[in-house]
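So this block is my_file.cif, mmCIF, C-alpha atoms:
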data_input
#
loop_
_atom_site.label_atom_id
_atom_site.label_comp_id
_atom_site.auth_asym_id
_atom_site.auth_seq_id
_atom_site.Cartn_x
_atom_site.Cartn_y
_atom_site.Cartn_z
CA MET A 1 55.43 -63.36 -11.63
CA LYS A 2 53.16 -66.39 -11.79
CA LYS A 3 51.51 -65.29 -8.55
CA ILE A 4 50.60 -61.98 -10.18
CA LEU A 5 49.49 -63.40 -13.53
CA ARG A 6 47.12 -65.98 -12.08
CA PRO A 7 44.82 -63.45 -10.31
CA LEU A 8 44.91 -61.22 -13.40
CA LEU A 9 43.84 -64.09 -15.65
CA TYR A 10 41.06 -65.01 -13.23
CA LEU A 11 39.82 -61.42 -13.11
CA THR A 12 39.87 -61.20 -16.92
CA PHE A 13 37.85 -64.41 -17.15
CA VAL A 14 35.24 -63.12 -14.68
CA LEU A 15 34.90 -59.80 -16.54
CA LEU A 16 34.53 -61.64 -19.84
CA LEU A 17 31.71 -63.78 -18.44
CA ALA A 18 29.95 -60.70 -17.05
CA SER A 19 30.21 -58.95 -20.44
CA CYS A 20 28.75 -61.97 -22.21
CA SER A 21 25.89 -62.13 -19.72
CA GLU A 22 25.04 -58.45 -20.25
CA LEU A 23 25.20 -58.91 -24.03
CA LEU A 24 22.78 -61.84 -23.87
CA LYS A 25 20.41 -59.78 -21.74
CA LYS A 26 20.41 -56.95 -24.26
CA THR A 27 19.72 -59.26 -27.19
CA GLU A 28 16.96 -61.25 -25.40
CA THR A 29 13.42 -60.62 -26.70
CA PRO A 30 11.62 -58.05 -24.53
CA THR A 31 8.94 -59.51 -22.25
CA LYS A 32 6.12 -57.46 -23.80
CA GLU A 33 6.93 -58.78 -27.26
CA ARG A 34 6.97 -62.38 -26.02
CA MET A 35 3.61 -61.89 -24.33
CA GLN A 36 1.79 -60.66 -27.43
CA GLY A 37 -0.59 -63.09 -29.13
CA LEU A 38 -3.55 -65.27 -28.19
CA TRP A 39 -3.19 -67.36 -25.02
CA LYS A 40 -5.46 -69.95 -23.45
CA VAL A 41 -5.46 -70.72 -19.73
CA THR A 42 -4.88 -74.48 -19.51
CA GLU A 43 -4.31 -74.72 -15.75
CA ALA A 44 -5.33 -72.54 -12.81
CA TYR A 45 -4.50 -72.94 -9.11
CA ASN A 46 -5.36 -71.01 -5.96
CA ASP A 47 -2.66 -70.01 -3.48
CA SER A 48 -3.02 -73.36 -1.70
CA GLY A 49 -2.13 -75.19 -4.90
CA ASP A 50 -5.64 -76.57 -5.51
CA THR A 51 -6.90 -76.54 -9.08
CA ILE A 52 -9.61 -74.00 -9.96
CA THR A 53 -9.56 -74.50 -13.74
CA ASP A 54 -13.11 -75.87 -13.90
CA GLN A 55 -14.42 -72.92 -11.90
CA ILE A 56 -13.19 -70.18 -14.24
CA ASN A 57 -13.69 -71.57 -17.75
CA PHE A 58 -16.99 -70.43 -19.32
CA PRO A 59 -16.28 -72.18 -21.69
CA VAL A 60 -12.64 -71.13 -22.08
CA THR A 61 -10.38 -68.46 -20.58
CA ALA A 62 -8.45 -66.75 -23.36
CA PHE A 63 -6.38 -63.56 -23.55
CA TRP A 64 -5.56 -61.79 -26.79
CA LEU A 65 -2.66 -59.48 -25.94
CA LYS A 66 -2.19 -56.97 -28.74
CA SER A 67 0.17 -54.09 -29.49
CA ALA A 68 -0.18 -50.68 -27.82
CA ASN A 69 -1.16 -52.40 -24.53
CA ALA A 70 -4.57 -53.45 -25.88
CA MET A 71 -6.21 -56.66 -24.65
CA MET A 72 -9.38 -58.58 -25.44
CA CYS A 73 -10.31 -61.63 -23.41
CA THR A 74 -12.87 -64.01 -21.97
CA GLY A 75 -11.24 -63.54 -18.59
CA GLY A 76 -14.30 -62.07 -16.84
CA PRO A 77 -15.05 -65.22 -14.79
CA MET A 78 -11.38 -65.63 -13.91
CA PHE A 79 -11.07 -62.10 -12.56
CA MET A 80 -14.45 -62.24 -10.82
CA TYR A 81 -13.05 -65.27 -8.99
CA VAL A 82 -9.82 -63.39 -8.18
CA VAL A 83 -11.60 -60.23 -6.99
CA TYR A 84 -14.58 -61.60 -5.05
CA GLY A 85 -13.23 -64.83 -3.61
CA GLU A 86 -14.15 -68.47 -3.98
CA ASN A 87 -17.25 -68.66 -1.79
CA GLN A 88 -18.94 -65.57 -3.19
CA TYR A 89 -17.94 -66.40 -6.75
CA THR A 90 -19.32 -69.97 -6.58
CA ASN A 91 -22.73 -68.68 -5.48
CA ILE A 92 -22.73 -65.95 -8.11
CA ALA A 93 -21.67 -68.20 -10.99
CA SER A 94 -24.41 -70.70 -10.24
CA SER A 95 -26.98 -67.89 -10.12
CA VAL A 96 -25.95 -65.92 -13.20
CA ASP A 97 -24.06 -68.39 -15.36
CA GLN A 98 -25.69 -66.90 -18.46
CA VAL A 99 -23.57 -63.82 -17.80
CA PHE A 100 -20.63 -65.75 -19.14
CA ASN A 101 -22.15 -66.63 -22.53
CA TYR A 102 -19.30 -65.23 -24.61
CA ILE A 103 -20.69 -66.60 -27.86
CA ASN A 104 -23.49 -64.02 -28.04
CA LEU A 105 -22.12 -61.21 -25.88
CA ASP A 106 -19.12 -58.92 -26.12
CA TYR A 107 -15.67 -59.92 -24.97
CA THR A 108 -14.10 -58.31 -21.92
CA ASP A 109 -11.83 -55.37 -22.72
CA GLY A 110 -8.70 -54.45 -20.86
CA GLU A 111 -5.06 -53.45 -21.08
CA PHE A 112 -1.71 -54.84 -20.05
CA PHE A 113 1.41 -52.85 -19.26
CA VAL A 114 5.01 -54.08 -19.43
CA ALA A 115 8.33 -52.22 -19.24
CA ASP A 116 10.30 -52.05 -22.50
CA SER A 117 12.86 -54.63 -21.46
CA VAL A 118 13.19 -58.14 -20.07
CA VAL A 119 11.22 -58.05 -16.81
CA GLU A 120 9.56 -60.44 -14.38
CA ARG A 121 6.45 -58.38 -13.50
CA PHE A 122 3.65 -56.69 -15.44
CA THR A 123 0.30 -54.96 -14.81
CA ILE A 124 -3.08 -56.07 -16.11
CA GLU A 125 -6.37 -54.16 -16.04
CA VAL A 126 -9.72 -55.82 -16.80
CA LYS A 127 -12.94 -53.90 -17.40
CA LEU A 128 -15.79 -55.86 -15.83
CA GLU A 129 -19.09 -54.42 -16.90
CA GLY A 130 -22.79 -55.05 -17.19
CA LEU A 131 -23.21 -56.98 -20.42
CA PRO A 132 -25.90 -55.95 -22.97
CA GLY A 133 -29.41 -56.65 -21.69
CA GLN A 134 -28.31 -58.43 -18.52
CA LYS A 135 -26.46 -55.91 -16.35
CA ALA A 136 -24.27 -58.76 -15.15
CA LEU A 137 -21.96 -56.83 -12.87
CA THR A 138 -24.85 -54.94 -11.25
CA GLU A 139 -26.58 -58.26 -10.52
CA LEU A 140 -23.32 -59.67 -9.22
CA LEU A 141 -22.80 -56.75 -6.85
CA THR A 142 -26.42 -56.97 -5.68
CA LEU A 143 -25.89 -60.63 -4.81
CA LEU A 144 -22.85 -59.58 -2.80
CA GLY A 145 -25.07 -57.27 -0.77
CA LEU A 146 -23.38 -53.99 -1.71
CA ASN A 147 -25.09 -50.64 -1.17
CA SER A 148 -26.66 -48.95 -4.18
CA GLN A 149 -23.90 -46.33 -4.27
CA PHE A 150 -21.46 -49.07 -5.35
CA LEU A 151 -23.69 -50.62 -8.01
CA GLU A 152 -21.70 -49.33 -10.96
CA THR A 153 -22.13 -51.10 -14.29
CA THR A 154 -18.43 -50.77 -15.12
CA VAL A 155 -15.47 -51.27 -12.78
CA TYR A 156 -11.81 -51.29 -13.86
CA HIS A 157 -9.89 -53.91 -11.89
CA LYS A 158 -6.13 -53.37 -12.09
CA PHE A 159 -3.50 -55.77 -10.72
CA ARG A 160 0.05 -54.46 -10.49
CA ASP A 161 3.22 -56.53 -10.37
CA VAL A 162 1.81 -59.82 -11.58
CA LYS A 163 4.70 -62.25 -12.01
CA VAL A 164 5.24 -63.58 -15.54
CA GLU A 165 7.47 -66.55 -16.40
CA PHE A 166 8.09 -68.30 -19.72
CA VAL A 167 8.48 -72.06 -19.84
CA ASP A 168 9.21 -71.64 -23.56
CA ASP A 169 7.88 -69.45 -26.39
CA ASP A 170 4.49 -71.19 -26.32
CA ASN A 171 3.88 -71.50 -22.57
CA MET A 172 3.92 -68.87 -19.84
CA ILE A 173 2.78 -68.59 -16.21
CA TRP A 174 1.07 -65.68 -14.47
CA THR A 175 1.24 -65.56 -10.67
CA LEU A 176 -0.67 -63.21 -8.41
CA ASP A 177 1.38 -63.37 -5.23
CA ASN A 178 2.12 -61.26 -2.15
CA THR A 179 3.96 -58.70 -4.31
CA THR A 180 0.86 -58.16 -6.45
CA THR A 181 -1.42 -55.26 -5.48
CA ALA A 182 -4.90 -54.29 -6.67
CA VAL A 183 -6.58 -50.99 -7.60
CA TYR A 184 -10.30 -50.76 -8.48
CA ASN A 185 -11.67 -47.70 -10.27
CA LYS A 186 -14.77 -46.35 -11.96
CA LYS A 187 -14.91 -43.28 -14.23
CA ASP A 188 -16.55 -39.94 -13.56
CA GLN A 189 -18.49 -37.72 -15.96
CA TYR A 190 -15.19 -36.57 -17.48
CA GLY A 191 -13.88 -40.06 -18.06
CA ASP A 192 -11.27 -39.71 -15.31
CA TYR A 193 -10.52 -42.55 -12.91
CA VAL A 194 -12.13 -42.38 -9.48
CA SER A 195 -11.43 -44.93 -6.76
CA TRP A 196 -14.22 -47.51 -6.41
CA GLY A 197 -14.75 -48.57 -2.80
CA GLY A 198 -17.21 -51.36 -3.39
CA TRP A 199 -14.83 -54.16 -2.52
CA SER A 200 -11.56 -54.64 -0.65
CA THR A 201 -8.39 -54.34 -2.72
CA THR A 202 -6.42 -56.50 -0.27
CA SER A 203 -8.62 -59.60 -0.04
CA PHE A 204 -8.34 -60.77 -3.65
CA ASN A 205 -7.45 -64.40 -4.35
CA ARG A 206 -3.80 -65.05 -5.12
CA GLY A 207 -3.09 -67.83 -7.57
CA ARG A 208 -1.14 -69.24 -10.51
CA PHE A 209 -2.35 -69.45 -14.12
CA VAL A 210 -0.68 -71.47 -16.87
CA LEU A 211 -1.25 -70.15 -20.40
CA GLN A 212 -0.56 -71.79 -23.75
CA LYS A 213 -0.16 -69.87 -27.01
CA GLN A 214 -2.82 -70.46 -29.67
CA THR A 215 -2.64 -70.24 -33.45
CA VAL A 216 -6.35 -69.76 -34.23
CA PRO A 217 -8.41 -66.52 -33.96
CA ILE A 218 -10.06 -65.89 -30.59
CA ASP A 219 -13.58 -66.26 -32.06
CA SER A 220 -12.72 -69.70 -33.41
CA LEU A 221 -11.17 -70.77 -30.11
CA VAL A 222 -14.24 -69.71 -28.10
CA LYS A 223 -16.77 -71.21 -30.49
CA TYR A 224 -14.88 -74.49 -30.65
CA SER A 225 -14.59 -74.68 -26.86
CA ALA A 226 -18.29 -73.88 -26.48
CA SER A 227 -19.21 -76.74 -28.81
CA LEU A 228 -17.41 -79.32 -26.66
CA PRO A 229 -19.04 -81.18 -23.75
CA LYS A 230 -18.38 -79.36 -20.48
CA ASP A 231 -16.02 -81.99 -19.10
CA VAL A 232 -13.96 -81.87 -22.31
CA ALA A 233 -13.98 -78.08 -22.77
CA LYS A 234 -12.59 -77.51 -19.31
#

When written as structure tokens, how does the structure in this file appear?
Amino acid sequence: MKKILRPLLYLTFVLLLASCSELLKKTETPTKERMQGLWKVTEAYNDSGDTITDQINFPVTAFWLKSANAMMCTGGPMFMYVVYGENQYTNIASSVDQVFNYINLDYTDGEFFVADSVVERFTIEVKLEGLPGQKALTELLTLLGLNSQFLETTVYHKFRDVKVEFVDDDNMIWTLDNTTTAVYNKKDQYGDYVSWGGWSTTSFNRGRFVLQKQTVPIDSLVKYSASLPKDVAK
């Protein structure tokens, strides 16, 4: 009898643990909800583990993730680095650093997409465009030596399956790894997406970005960061 009861008790214990685990999963805050808010990139690394924080902050990299998938950010320099690579980006940034004057020009728009559950991957799309009066992206693409047919003033850069991890409620990590894929589009005269072939979607820079939640409005964060000396702001 004891030989029969012991396996039954063990099986009951295992099933109970599994039920508790599933219950905790269902009650855990969905990833999309945890991601919402204003976040500042405090650390950035390329896929070799070298820091690139100083190279992407103009003067600060911030993401305001809102409801209904909406996003506003100063992530233009960060995604230009990701898309075009370190060597090209370094030359471009030194030539058109005024492009990244976010105090006087509009923020970068975009969207983020997350499944309605607890997940480990999400999609982010950033609209890089020619800024008022400067045509920044057109100048950037010209410096890259692209043909005139690719000199669009607005390109939608989408990255699918970006890994997201939470250290705690105030700190999260985004990783663009080998699972992450890219899609670059422009829009036609009807506003429909059309594939943009101006740059390779496979050669983007992988990397890891550490973000910290902020309690001030994005305007205040940017203006404060811009008022600091460069070595302090970064």

- Length of the atom CA of Ile56 of chain A to atom CA of Gly110 of chain A vector [Å]: 17.6 Å

- Fewer than 2 positions away in the same chain doesn't count, so skip those; otherwise give me all residues within 12 Å of Thr175 of chain A, counting all atoms listed in the file, as a ChimeraX atom specification. /A:43-47,49,82,120-124,159-166,172-173,177-181,205-211

File dump, residues just selected, C-alpha atoms, as a PDB file, in the coordinates of the input:
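Saved the output as out.pdb:
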ATOM      1  CA  GLU A  43      -4.310 -74.720 -15.750  1.00  0.00           C
ATOM      2  CA  ALA A  44      -5.330 -72.540 -12.810  1.00  0.00           C
ATOM      3  CA  TYR A  45      -4.500 -72.940  -9.110  1.00  0.00           C
ATOM      4  CA  ASN A  46      -5.360 -71.010  -5.960  1.00  0.00           C
ATOM      5  CA  ASP A  47      -2.660 -70.010  -3.480  1.00  0.00           C
ATOM      6  CA  GLY A  49      -2.130 -75.190  -4.900  1.00  0.00           C
ATOM      7  CA  VAL A  82      -9.820 -63.390  -8.180  1.00  0.00           C
ATOM      8  CA  GLU A 120       9.560 -60.440 -14.380  1.00  0.00           C
ATOM      9  CA  ARG A 121       6.450 -58.380 -13.500  1.00  0.00           C
ATOM     10  CA  PHE A 122       3.650 -56.690 -15.440  1.00  0.00           C
ATOM     11  CA  THR A 123       0.300 -54.960 -14.810  1.00  0.00           C
ATOM     12  CA  ILE A 124      -3.080 -56.070 -16.110  1.00  0.00           C
ATOM     13  CA  PHE A 159      -3.500 -55.770 -10.720  1.00  0.00           C
ATOM     14  CA  ARG A 160       0.050 -54.460 -10.490  1.00  0.00           C
ATOM     15  CA  ASP A 161       3.220 -56.530 -10.370  1.00  0.00           C
ATOM     16  CA  VAL A 162       1.810 -59.820 -11.580  1.00  0.00           C
ATOM     17  CA  LYS A 163       4.700 -62.250 -12.010  1.00  0.00           C
ATOM     18  CA  VAL A 164       5.240 -63.580 -15.540  1.00  0.00           C
ATOM     19  CA  GLU A 165       7.470 -66.550 -16.400  1.00  0.00           C
ATOM     20  CA  PHE A 166       8.090 -68.300 -19.720  1.00  0.00           C
ATOM     21  CA  MET A 172       3.920 -68.870 -19.840  1.00  0.00           C
ATOM     22  CA  ILE A 173       2.780 -68.590 -16.210  1.00  0.00           C
ATOM     23  CA  ASP A 177       1.380 -63.370  -5.230  1.00  0.00           C
ATOM     24  CA  ASN A 178       2.120 -61.260  -2.150  1.00  0.00           C
ATOM     25  CA  THR A 179       3.960 -58.700  -4.310  1.00  0.00           C
ATOM     26  CA  THR A 180       0.860 -58.160  -6.450  1.00  0.00           C
ATOM     27  CA  THR A 181      -1.420 -55.260  -5.480  1.00  0.00           C
ATOM     28  CA  ASN A 205      -7.450 -64.400  -4.350  1.00  0.00           C
ATOM     29  CA  ARG A 206      -3.800 -65.050  -5.120  1.00  0.00           C
ATOM     30  CA  GLY A 207      -3.090 -67.830  -7.570  1.00  0.00           C
ATOM     31  CA  ARG A 208      -1.140 -69.240 -10.510  1.00  0.00           C
ATOM     32  CA  PHE A 209      -2.350 -69.450 -14.120  1.00  0.00           C
ATOM     33  CA  VAL A 210      -0.680 -71.470 -16.870  1.00  0.00           C
ATOM     34  CA  LEU A 211      -1.250 -70.150 -20.400  1.00  0.00           C
TER      35      LEU A 211
END

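One finds atom CA of Thr53 of chain A at 9.1 Å from atom CA of Met78 of chain A.
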
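Comparing A:Glu33, A:Thr27, A:Gly75, A:Lys40 by their smallest distance to Val216 of chain A, the closest is A:Lys40 (using only C-alpha atoms).
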
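Counting from atom CA of Gln189 of chain A, the distance to atom CA of Thr108 of chain A is 21.9 Å.
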
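Proximity to Gln36 of chain A at 9 Å, evaluated using only C-alpha atoms and with sequence-adjacent residues fewer than 6 positions away removed, yields A:Trp64, A:Leu65, A:Lys66, A:Ser67.
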
- Message: Would you pick out the contacts of Asn69 of chain A at 9 Å or less, using all atoms listed in the file, so that residues sharing its chain but fewer than 6 positions from it are not included, and give the list as a ChimeraX atom specification?
- Response: /A:32,110-114

- Between A:Asp188, A:Ala182, A:Pro59, A:Thr74, which has the minimum distance to Ser203 of chain A (counting only C-alpha atoms)? A:Ala182

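Residue nearest Gln214 of chain A, chosen from A:Ser48, A:Thr61, A:Ser227, A:Thr154 and counting all atoms listed in the file: A:Thr61.
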
- Query: Counting all atoms listed in the file, what is within 8 Å of Val183 of chain A, bar same-chain residues fewer than 6 positions away, as a ChimeraX atom specification?
  - Reply: /A:157-159,195,201

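Minimum atom-to-atom distances from A:Trp196, A:Tyr81, A:Tyr184, A:Tyr107 to Ile218 of chain A were compared using all atoms listed in the file, and the lowest value belongs to A:Tyr107.
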